[in-house]
Amino acid sequence: SEFIIVGVPVLQEHYIPLFVVFLIIFLATFLGNLLIVVLVALDHRLHTPMYFFLWNLAVIDVLLTVTIIPKLLVVLSGHDRTISFSSCFAQMYFFISFAAVEVFLVAVMAYDRYVAIVKPLHYNTIMSSKVCFTMTASVWVLGFLVPLTSVVLASTLPYCGSNLILHIVCDYPTVISLACGDVIAQVDFALFLAMVVIYIPFLFVLWTYYKIVWSVIKMKTMESRKKAFSMCSSHVTVVFLYYVSTAMVYIGLRVESIPPDGRIFIGAVYYFLTPLVNPIIYSLRNEKIKAAADKYL
């Protein structure tokens with residue numbers, strides 16, 4: 001009827017300092033992304049496709065943070081390490097869904113930068129309000145559909161052994177390893193879906209930036225090249241951090257020599273790095289966001 005989230009066994013003596021660290025991460029991530037959500041909503045100068053997608057990215061990061069960290073803080077505080085069966089799979093489903101939405105949204109943002117640089121004269125026509133809304137709605141729907149089958153199937157398995165989750169969240173591989181019987185087919189199916197969700201958008205992002213770089217190279221003046229690269233520098237940084245952290249998680253799950261505690265730390269990088277740094281990157285490298293902050297704060 002319930003699981004017990006163990007956390008990081010090797011650091012149980014340091015749970016209070018860890019509680020403080022994760023509380024700071026939670027507040028910084030939540031408030032930073034919430035600031036972007038509010039600024040984009042208030043400032044009419046930010047009512048463009050690029051900032052519409054950025055607004056959605058900030059909303060996803062807020063939801064990701066709220067899905068994971070509050071329960072983690074309760075575990076670290078020592079008050080209640082248990083989580084009900086249904087709550088565990090709900091956390092798993094929403095976390096995977098928000099992560100999938102973020103992958104798709106990063107690809108959509110790459111397409112937006114591609115149109116802005118390669119086809120600037122047709123930008124307003126191609127990236128109309130209707131198109132932006134349709135793309136964003138599709139991203140959210142796909143993100144919530146992708147993990148549905150895997151999580152539902154995992155929840156129907158018999159769990160008759162240990163109920164100790166050796167992780168800081170209800171992570172899919174960790175939870176399904178507690179199931180009785182043969183789960184290889186389900187694990188392989190979930191891994192296949194994960195690879196499709198990650199690599200198809202990744203290849204699309206590579207294609208868009210190949211087109212962007214080729215178009216910038218053909219520009220005649222150095223000033224126009226600098227302007228073009230500055231238009232997508234923030235997105236490139238976010239894409240780099242996102243896929244590096246994703247690759248670290250994949251390696252951590254596949255390299256058997258890495259101990260469980262090491263895998264938990266690797267997973268934490270993926271869970272907390274990009275939601276924390278996204279608002280920092282877009283705030284520090286974007287003059288319009290800075291101007292909106294100066295105006296309303």
# chains A, B, ... in the order shown; residues from 1 in each chain; ligands from 1
>>> select_by_dssp(residues="range 144-189 of chain A", states="helix (DSSP H, G or I)", output="MDAnalysis selection string")
chainID A and resid 144:145 148:155 172:176 184:189
>>> write_last_selection(atoms="all heavy atoms", output="short mmCIF file (atom, residue, chain, number, x, y, z; two decimals), in the first residue's frame")
data_model
loop_
_atom_site.label_atom_id
_atom_site.label_comp_id
_atom_site.auth_asym_id
_atom_site.auth_seq_id
_atom_site.Cartn_x
_atom_site.Cartn_y
_atom_site.Cartn_z
N PHE A 144 2.33 14.40 -22.21
CA PHE A 144 1.51 13.67 -21.24
C PHE A 144 1.08 12.29 -21.76
O PHE A 144 0.75 11.41 -20.95
CB PHE A 144 0.27 14.49 -20.86
CG PHE A 144 0.56 15.50 -19.80
CD1 PHE A 144 1.00 16.78 -20.12
CD2 PHE A 144 0.42 15.18 -18.46
CE1 PHE A 144 1.28 17.72 -19.14
CE2 PHE A 144 0.69 16.11 -17.47
CZ PHE A 144 1.13 17.38 -17.81
N LEU A 145 1.09 12.09 -23.08
CA LEU A 145 0.72 10.79 -23.63
C LEU A 145 1.87 9.79 -23.61
O LEU A 145 1.64 8.59 -23.40
CB LEU A 145 0.21 10.96 -25.07
CG LEU A 145 -1.17 11.58 -25.26
CD1 LEU A 145 -1.49 11.70 -26.74
CD2 LEU A 145 -2.24 10.74 -24.57
N LEU A 148 2.32 7.51 -20.47
CA LEU A 148 1.09 6.99 -19.88
C LEU A 148 1.08 5.46 -19.86
O LEU A 148 0.82 4.84 -18.81
CB LEU A 148 -0.12 7.52 -20.67
CG LEU A 148 -1.50 7.19 -20.10
CD1 LEU A 148 -1.65 7.78 -18.70
CD2 LEU A 148 -2.59 7.72 -21.01
N THR A 149 1.39 4.83 -21.00
CA THR A 149 1.34 3.37 -21.08
C THR A 149 2.35 2.72 -20.14
O THR A 149 2.01 1.78 -19.40
CB THR A 149 1.62 2.91 -22.53
OG1 THR A 149 0.68 3.52 -23.41
CG2 THR A 149 1.51 1.40 -22.64
N SER A 150 3.58 3.22 -20.15
CA SER A 150 4.64 2.62 -19.31
C SER A 150 4.30 2.71 -17.83
O SER A 150 4.45 1.74 -17.08
CB SER A 150 5.98 3.31 -19.58
OG SER A 150 6.39 3.11 -20.91
N VAL A 151 3.84 3.87 -17.39
CA VAL A 151 3.55 4.07 -15.97
C VAL A 151 2.33 3.25 -15.54
O VAL A 151 2.33 2.64 -14.46
CB VAL A 151 3.36 5.56 -15.65
CG1 VAL A 151 2.93 5.76 -14.20
CG2 VAL A 151 4.64 6.34 -15.92
N VAL A 152 1.30 3.22 -16.38
CA VAL A 152 0.09 2.44 -16.05
C VAL A 152 0.43 0.96 -15.95
O VAL A 152 0.01 0.26 -15.01
CB VAL A 152 -1.02 2.69 -17.09
CG1 VAL A 152 -2.16 1.69 -16.90
CG2 VAL A 152 -1.54 4.11 -16.97
N LEU A 153 1.21 0.45 -16.92
CA LEU A 153 1.62 -0.96 -16.88
C LEU A 153 2.46 -1.26 -15.64
O LEU A 153 2.30 -2.31 -15.01
CB LEU A 153 2.40 -1.32 -18.15
CG LEU A 153 1.60 -1.42 -19.44
CD1 LEU A 153 2.52 -1.66 -20.63
CD2 LEU A 153 0.55 -2.53 -19.35
N ALA A 154 3.36 -0.35 -15.30
CA ALA A 154 4.20 -0.54 -14.12
C ALA A 154 3.36 -0.58 -12.84
O ALA A 154 3.65 -1.33 -11.92
CB ALA A 154 5.25 0.56 -14.03
N SER A 155 2.30 0.22 -12.80
CA SER A 155 1.46 0.26 -11.60
C SER A 155 0.61 -0.98 -11.42
O SER A 155 0.10 -1.24 -10.33
CB SER A 155 0.55 1.50 -11.65
OG SER A 155 -0.41 1.37 -12.69
N TYR A 172 11.39 5.69 -12.17
CA TYR A 172 10.82 4.52 -12.86
C TYR A 172 11.70 3.28 -12.74
O TYR A 172 11.22 2.22 -12.29
CB TYR A 172 10.55 4.85 -14.33
CG TYR A 172 9.98 3.69 -15.12
CD1 TYR A 172 8.62 3.46 -15.17
CD2 TYR A 172 10.82 2.81 -15.80
CE1 TYR A 172 8.09 2.39 -15.88
CE2 TYR A 172 10.31 1.74 -16.52
CZ TYR A 172 8.94 1.54 -16.56
OH TYR A 172 8.43 0.47 -17.25
N PRO A 173 13.00 3.32 -13.12
CA PRO A 173 13.82 2.10 -13.02
C PRO A 173 13.94 1.58 -11.59
O PRO A 173 13.97 0.37 -11.37
CB PRO A 173 15.19 2.55 -13.56
CG PRO A 173 14.92 3.78 -14.35
CD PRO A 173 13.78 4.45 -13.67
N THR A 174 14.04 2.50 -10.62
CA THR A 174 14.19 2.07 -9.23
C THR A 174 12.93 1.40 -8.70
O THR A 174 13.01 0.36 -8.04
CB THR A 174 14.53 3.29 -8.34
OG1 THR A 174 15.65 3.98 -8.89
CG2 THR A 174 14.87 2.85 -6.93
N VAL A 175 11.77 1.97 -9.00
CA VAL A 175 10.51 1.41 -8.51
C VAL A 175 10.20 0.08 -9.19
O VAL A 175 9.82 -0.90 -8.52
CB VAL A 175 9.35 2.41 -8.73
CG1 VAL A 175 8.01 1.76 -8.38
CG2 VAL A 175 9.56 3.65 -7.88
N ILE A 176 10.37 0.01 -10.51
CA ILE A 176 10.00 -1.22 -11.22
C ILE A 176 10.94 -2.36 -10.86
O ILE A 176 10.58 -3.54 -11.01
CB ILE A 176 9.97 -0.97 -12.75
CG1 ILE A 176 9.07 -2.01 -13.43
CG2 ILE A 176 11.38 -1.02 -13.34
CD1 ILE A 176 8.80 -1.73 -14.89
N ILE A 184 11.58 -7.41 -17.76
CA ILE A 184 12.53 -7.01 -18.81
C ILE A 184 11.82 -6.37 -19.99
O ILE A 184 12.26 -5.34 -20.53
CB ILE A 184 13.37 -8.23 -19.26
CG1 ILE A 184 14.28 -8.71 -18.13
CG2 ILE A 184 14.21 -7.85 -20.48
CD1 ILE A 184 15.06 -9.96 -18.48
N ALA A 185 10.70 -6.97 -20.42
CA ALA A 185 9.98 -6.44 -21.58
C ALA A 185 9.48 -5.02 -21.32
O ALA A 185 9.60 -4.14 -22.19
CB ALA A 185 8.81 -7.36 -21.92
N GLN A 186 8.96 -4.77 -20.12
CA GLN A 186 8.46 -3.44 -19.80
C GLN A 186 9.59 -2.42 -19.71
O GLN A 186 9.45 -1.29 -20.16
CB GLN A 186 7.68 -3.49 -18.48
CG GLN A 186 6.40 -4.30 -18.56
CD GLN A 186 5.37 -3.83 -17.55
OE1 GLN A 186 5.35 -2.68 -17.18
NE2 GLN A 186 4.53 -4.75 -17.12
N VAL A 187 10.71 -2.84 -19.12
CA VAL A 187 11.86 -1.93 -19.00
C VAL A 187 12.39 -1.57 -20.39
O VAL A 187 12.71 -0.41 -20.67
CB VAL A 187 12.96 -2.57 -18.13
CG1 VAL A 187 14.24 -1.74 -18.20
CG2 VAL A 187 12.49 -2.71 -16.69
N ASP A 188 12.49 -2.57 -21.26
CA ASP A 188 12.98 -2.32 -22.63
C ASP A 188 12.03 -1.40 -23.39
O ASP A 188 12.47 -0.52 -24.14
CB ASP A 188 13.14 -3.64 -23.38
CG ASP A 188 14.31 -4.47 -22.88
OD1 ASP A 188 15.18 -3.88 -22.19
OD2 ASP A 188 14.35 -5.68 -23.15
N PHE A 189 10.72 -1.58 -23.20
CA PHE A 189 9.73 -0.72 -23.87
C PHE A 189 9.85 0.72 -23.38
O PHE A 189 9.83 1.66 -24.18
CB PHE A 189 8.32 -1.26 -23.60
CG PHE A 189 7.23 -0.39 -24.15
CD1 PHE A 189 7.05 -0.24 -25.52
CD2 PHE A 189 6.38 0.31 -23.29
CE1 PHE A 189 6.05 0.57 -26.02
CE2 PHE A 189 5.38 1.12 -23.79
CZ PHE A 189 5.20 1.25 -25.15
#
>>> residues_around(residues="range 276-279 of chain A", least_positions_apart="3", cutoff="6 Å", atoms="only C-alpha atoms", output="ChimeraX atom specification")
/A:29,32-33,273,282-283
>>> atom_distance(atom1="CA of Ala41 in chain A", atom2="CA of Val59 in chain A")
11.8 Å
>>> residues_around(residues="range 288-290 of chain A", least_positions_apart="2", cutoff="10 Å", atoms="only C-alpha atoms", output="number ranges by chain")
A: 35-36, 39-40, 43, 45-46, 51, 279, 282-286, 292-295
>>> write_last_selection(atoms="N, CA, C and O atoms", output="CSV table (one decimal), in the first residue's frame")
chain,number,residue,atom,x,y,z
A,35,LEU,N,9.3,34.4,-11.7
A,35,LEU,CA,9.6,35.8,-12.1
A,35,LEU,C,9.5,35.9,-13.6
A,35,LEU,O,8.9,36.9,-14.1
A,36,ILE,N,10.0,34.9,-14.4
A,36,ILE,CA,9.9,35.0,-15.8
A,36,ILE,C,8.4,34.8,-16.2
A,36,ILE,O,8.0,35.6,-17.2
A,39,LEU,N,6.8,38.3,-15.5
A,39,LEU,CA,7.3,39.4,-16.4
A,39,LEU,C,6.8,39.2,-17.8
A,39,LEU,O,6.4,40.2,-18.5
A,40,VAL,N,6.8,38.0,-18.4
A,40,VAL,CA,6.3,37.8,-19.7
A,40,VAL,C,4.8,38.1,-19.8
A,40,VAL,O,4.4,38.6,-20.8
A,43,ASP,N,4.6,42.3,-19.4
A,43,ASP,CA,5.2,43.2,-20.4
A,43,ASP,C,4.7,42.9,-21.8
A,43,ASP,O,5.0,41.8,-22.3
A,45,ARG,N,5.9,44.0,-24.5
A,45,ARG,CA,7.1,43.9,-25.4
A,45,ARG,C,7.5,42.4,-25.5
A,45,ARG,O,8.3,42.1,-26.4
A,46,LEU,N,7.1,41.6,-24.5
A,46,LEU,CA,7.5,40.2,-24.5
A,46,LEU,C,6.5,39.3,-25.0
A,46,LEU,O,6.6,38.1,-24.9
A,51,TYR,N,9.2,34.5,-26.5
A,51,TYR,CA,8.9,34.7,-25.1
A,51,TYR,C,7.7,33.9,-24.6
A,51,TYR,O,7.6,33.5,-23.5
A,279,PRO,N,16.3,30.2,-15.8
A,279,PRO,CA,16.0,31.6,-15.6
A,279,PRO,C,17.2,32.4,-15.5
A,279,PRO,O,17.2,33.6,-15.9
A,282,TYR,N,18.5,33.0,-19.2
A,282,TYR,CA,17.7,33.9,-19.9
A,282,TYR,C,17.6,35.3,-19.3
A,282,TYR,O,17.3,36.3,-20.0
A,283,SER,N,17.8,35.4,-18.0
A,283,SER,CA,17.8,36.7,-17.4
A,283,SER,C,19.1,37.5,-17.6
A,283,SER,O,19.1,38.7,-17.9
A,284,LEU,N,20.2,36.8,-17.5
A,284,LEU,CA,21.5,37.5,-17.7
A,284,LEU,C,21.8,37.8,-19.1
A,284,LEU,O,22.6,38.7,-19.4
A,285,ARG,N,21.3,37.0,-20.1
A,285,ARG,CA,21.7,37.2,-21.5
A,285,ARG,C,20.6,37.8,-22.3
A,285,ARG,O,20.8,37.8,-23.5
A,286,ASN,N,19.6,38.3,-21.7
A,286,ASN,CA,18.5,38.9,-22.5
A,286,ASN,C,18.1,40.3,-22.0
A,286,ASN,O,17.7,40.5,-20.9
A,292,ALA,N,12.3,44.5,-18.6
A,292,ALA,CA,11.0,44.2,-18.0
A,292,ALA,C,11.2,44.1,-16.4
A,292,ALA,O,10.4,44.6,-15.7
A,293,ALA,N,12.3,43.5,-16.0
A,293,ALA,CA,12.6,43.4,-14.5
A,293,ALA,C,12.8,44.8,-13.9
A,293,ALA,O,12.3,45.1,-12.8
A,294,ASP,N,13.5,45.7,-14.6
A,294,ASP,CA,13.7,47.0,-14.2
A,294,ASP,C,12.4,47.8,-14.1
A,294,ASP,O,12.2,48.6,-13.2
A,295,LYS,N,11.5,47.6,-15.0
A,295,LYS,CA,10.3,48.3,-15.1
A,295,LYS,C,9.3,47.9,-14.0
A,295,LYS,O,8.7,48.8,-13.4
>>> atom_distance(atom1="CA of Met50 in chain A", atom2="CA of Ile68 in chain A")
27.5 Å
>>> closest_residue(among="A:Val75, A:Leu54, A:Ala28, A:Leu166", to="Tyr15 in chain A", atoms="only C-alpha atoms")
A:Val75
>>> residues_around(residues="Cys180 in chain A", least_positions_apart="3", cutoff="10 Å", atoms="only C-alpha atoms", output="MDAnalysis selection string")
chainID A and resid 157:162 176:177 183
>>> write_last_selection(atoms="C-alpha atoms", output="PDB file, in the first residue's frame")
ATOM      1  CA  LEU A 157       2.629  -5.181 -11.588  1.00  0.00           C
ATOM      2  CA  PRO A 158       2.631  -7.163  -8.318  1.00  0.00           C
ATOM      3  CA  TYR A 159       4.886  -5.604  -5.656  1.00  0.00           C
ATOM      4  CA  CYS A 160       5.295  -8.295  -3.049  1.00  0.00           C
ATOM      5  CA  GLY A 161       8.882  -7.829  -1.877  1.00  0.00           C
ATOM      6  CA  SER A 162      10.779  -4.861  -0.476  1.00  0.00           C
ATOM      7  CA  ILE A 176      10.003  -1.216 -11.224  1.00  0.00           C
ATOM      8  CA  SER A 177      13.053  -3.109  -9.925  1.00  0.00           C
ATOM      9  CA  VAL A 183       9.902  -7.002 -16.036  1.00  0.00           C
TER      10      VAL A 183
END
>>> select_by_dssp(residues="range 38-174 of chain A", states="strand (DSSP E)", output="number ranges by chain")
A: 82-84, 164-165
>>> closest_residue(among="A:Val8, A:Leu72, A:Leu105, A:Leu142", to="Asn56 in chain A", atoms="only C-alpha atoms")
A:Leu105
>>> residues_around(residues="Ser97 in chain A", least_positions_apart="6", cutoff="12 Å", atoms="only C-alpha atoms", output="list in words")
Ile60, Asp61, Leu63, Leu64, Thr67, Phe89, Ala90, Gln91, Val103, Phe104, Val139, Trp140, Val141, Leu142, Gly143, Phe144, Leu145, Val146, Pro147, Leu148, Thr149, Ser150, Val151, Ala194 and Val197 of chain A
>>> write_last_selection(atoms="C-alpha atoms", output="compact mmCIF listing (two decimals), in the first residue's frame")
# COMPACT_ATOMS: atom_id res chain seq x y z
CA ILE A 60 7.35 23.44 -16.85
CA ASP A 61 10.37 24.10 -14.61
CA LEU A 63 5.92 22.18 -12.15
CA LEU A 64 8.98 19.89 -12.23
CA THR A 67 6.59 17.60 -8.28
CA PHE A 89 3.13 6.50 -9.44
CA ALA A 90 1.47 9.91 -9.76
CA GLN A 91 4.80 11.58 -8.96
CA VAL A 103 12.35 17.98 -24.48
CA PHE A 104 9.72 18.74 -27.14
CA VAL A 139 3.98 19.60 -27.15
CA TRP A 140 1.96 19.41 -23.92
CA VAL A 141 -0.39 16.69 -25.22
CA LEU A 142 2.49 14.55 -26.53
CA GLY A 143 4.42 14.98 -23.30
CA PHE A 144 1.51 13.67 -21.24
CA LEU A 145 0.72 10.79 -23.63
CA VAL A 146 4.24 9.37 -23.99
CA PRO A 147 4.73 7.95 -20.46
CA LEU A 148 1.09 6.99 -19.88
CA THR A 149 1.34 3.37 -21.08
CA SER A 150 4.64 2.62 -19.31
CA VAL A 151 3.55 4.07 -15.97
CA ALA A 194 12.77 7.37 -23.73
CA VAL A 197 11.55 11.12 -27.00
